[in-house]
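Visitor: Quick one: the structure is below, questions incoming.
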Amino acid sequence: MCGIPFLEFPYPSSSSLITYAGTLDFRAHILVSVGSCITSITSLSLFFQYNSYSNIDPARLSAQVLSGVGFLGAGAILKTSNGIRGLTTAAGIWATACIGIAVGYGYYILAISAWLFVMITLYILKNIDKMIFKKKQTIFNIKTDNIEIISSIYEMFQRSQISVKNIEINSDTNNIKINLLTVHDRR
């Protein structure tokens with residue numbers, strides 16, 4: 001249930017001239033959800049098994065899951081010279097953990113409601129976001145052995161009404177790697 005919103009989308013292969021940065025890994029979200037669920041079930045089992053011997057708080061393990069997932073989400077956020085990426089992925093990881101905890105504690109209606117809300121947020125609100133924020137940023141990674149290609153690519157972007165906001169050039173012995181941050185209208 002928690003991996004569906006985060007299915008991996010196919011990107012061009014790394015052998016193509018232009019590649020796109022980033023992927024969404026749905027397996028990580030499923031693992032976070034299952035781990036959170038197992039932790040919640042374990043917390044409840046320990047509480048019912050040992051509540052006559054000790055005053056155990058069944059929420060302690062789940063609280064530790066959310067702390068750990070916070071670090072996992074922080075690893076999904078990337079700050080580059082072109083901006084910040086991965087905030088939605090990090091929030092999705094955290095929401096997935098919360099849904100797993102709800103399932104583990106037996107709050108199935110809450111978990112399904114939260115899952116539906118996550119789906120609405122990721123798919124329906126994404127379209128509203130595209131209508132409100134009409135500009136989109138894209139990073140193009142180009143490998144070439146000819147530096148002169150930059151001017152022709154730049155002119156092609158200008159003819160297509162695509163603004164180039166940042167150009168980063170890295171070279172090694174065999175290839176030149178060009179990273180272009182572009183801003184354009186969503187089409």
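Residues in the structure tokens are named by chain (A, B, ... in the order shown) and by number from 1 within that chain; ligands are numbered from 1 in the order shown.
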So which bits of region 114-166 of chain A end up alpha helix (DSSP H) when you DSSP the backbone, as JSON, numbers by chain?
Guide: {"A": [114, 115, 116, 117, 118, 119, 125, 126, 127, 128, 129, 130, 131, 132, 149, 150, 151, 152, 153, 154, 155, 156, 157, 158, 159]}
Visitor: For Ser171 (chain A), list every protein, DNA or RNA residue within 10 Å, evaluated using only C-alpha atoms, and leave out those in the same chain fewer than 3 positions away; present the list as a list in words.
Guide: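 Returned residues: Lys143, Thr144, Asp145, Ile147, Asn174, Asn175, Ile176, Lys177 and Ile178 of chain A.
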Visitor: Could you give me, as CSV, every region 88-112 of chain A residue with an atom at most 10 Å from region 56-67 of chain A, plus its closest atom pair and distance in Å to one decimal, counting only C-alpha atoms, rows ordered by chain then number?
Guide:
residue,atom,partner,partner_atom,distance
A:Ile93,CA,A:Leu66,CA,10.0
A:Trp94,CA,A:Leu66,CA,7.2
A:Ala95,CA,A:Leu66,CA,9.6
A:Ala97,CA,A:Leu66,CA,6.9
A:Cys98,CA,A:Leu66,CA,7.6
A:Gly100,CA,A:Ser62,CA,9.8
A:Ile101,CA,A:Ser62,CA,6.8
A:Ala102,CA,A:Ser62,CA,9.9
A:Gly104,CA,A:Ser62,CA,9.6
A:Tyr105,CA,A:Pro58,CA,9.6
Visitor: Keeping only N, CA, C and O atoms, write the selected residues to a file as a CSV table (one decimal), in the first residue's frame.
Guide:
chain,number,residue,atom,x,y,z
A,93,ILE,N,8.7,9.4,2.9
A,93,ILE,CA,9.3,8.4,3.7
A,93,ILE,C,8.7,8.5,5.1
A,93,ILE,O,8.4,7.5,5.8
A,94,TRP,N,8.6,9.7,5.6
A,94,TRP,CA,8.1,10.0,7.0
A,94,TRP,C,6.7,9.6,7.1
A,94,TRP,O,6.2,8.9,8.0
A,95,ALA,N,5.8,10.0,6.1
A,95,ALA,CA,4.4,9.6,6.1
A,95,ALA,C,4.3,8.1,6.0
A,95,ALA,O,3.4,7.5,6.6
A,97,ALA,N,6.3,5.8,7.2
A,97,ALA,CA,6.5,5.3,8.5
A,97,ALA,C,5.3,5.5,9.4
A,97,ALA,O,5.0,4.6,10.2
A,98,CYS,N,4.7,6.6,9.4
A,98,CYS,CA,3.5,6.9,10.2
A,98,CYS,C,2.4,5.9,9.8
A,98,CYS,O,1.7,5.4,10.7
A,100,GLY,N,2.8,2.9,8.5
A,100,GLY,CA,3.2,1.6,9.1
A,100,GLY,C,2.9,1.5,10.5
A,100,GLY,O,2.5,0.5,11.0
A,101,ILE,N,3.2,2.6,11.3
A,101,ILE,CA,2.9,2.6,12.7
A,101,ILE,C,1.4,2.4,13.0
A,101,ILE,O,1.0,1.6,13.9
A,102,ALA,N,0.6,3.1,12.3
A,102,ALA,CA,-0.9,3.0,12.4
A,102,ALA,C,-1.3,1.6,12.2
A,102,ALA,O,-2.2,1.1,12.9
A,104,GLY,N,0.5,-1.1,12.4
A,104,GLY,CA,1.0,-2.0,13.5
A,104,GLY,C,0.2,-1.9,14.8
A,104,GLY,O,0.1,-2.9,15.5
A,105,TYR,N,-0.3,-0.7,15.1
A,105,TYR,CA,-1.1,-0.5,16.3
A,105,TYR,C,-2.6,-1.0,16.0
A,105,TYR,O,-3.4,-0.9,17.0
Visitor: Take CA of Thr182 (chain A) and CA of Gln137 (chain A) and report the distance between them in Å, one decimal.
Guide: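 Computed distance, CA of Thr182 (chain A) to CA of Gln137 (chain A), equals 5.5 Å.
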Visitor: Using only C-alpha atoms for the distances, tell me which of A:Thr89, A:Ala114, A:Ser43, A:Ile167 is nearest to Asn141 (chain A).
Guide: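 Checking each of A:Thr89, A:Ala114, A:Ser43, A:Ile167 against Asn141 (chain A), counting only C-alpha atoms, the winner is A:Ile167.
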Visitor: Fewer than 4 positions away in the same chain doesn't count, so skip those; otherwise give me all residues within 9 Å of Thr88 (chain A), counting only C-alpha atoms, as a ChimeraX atom specification.
Guide: /A:77,92-93,122
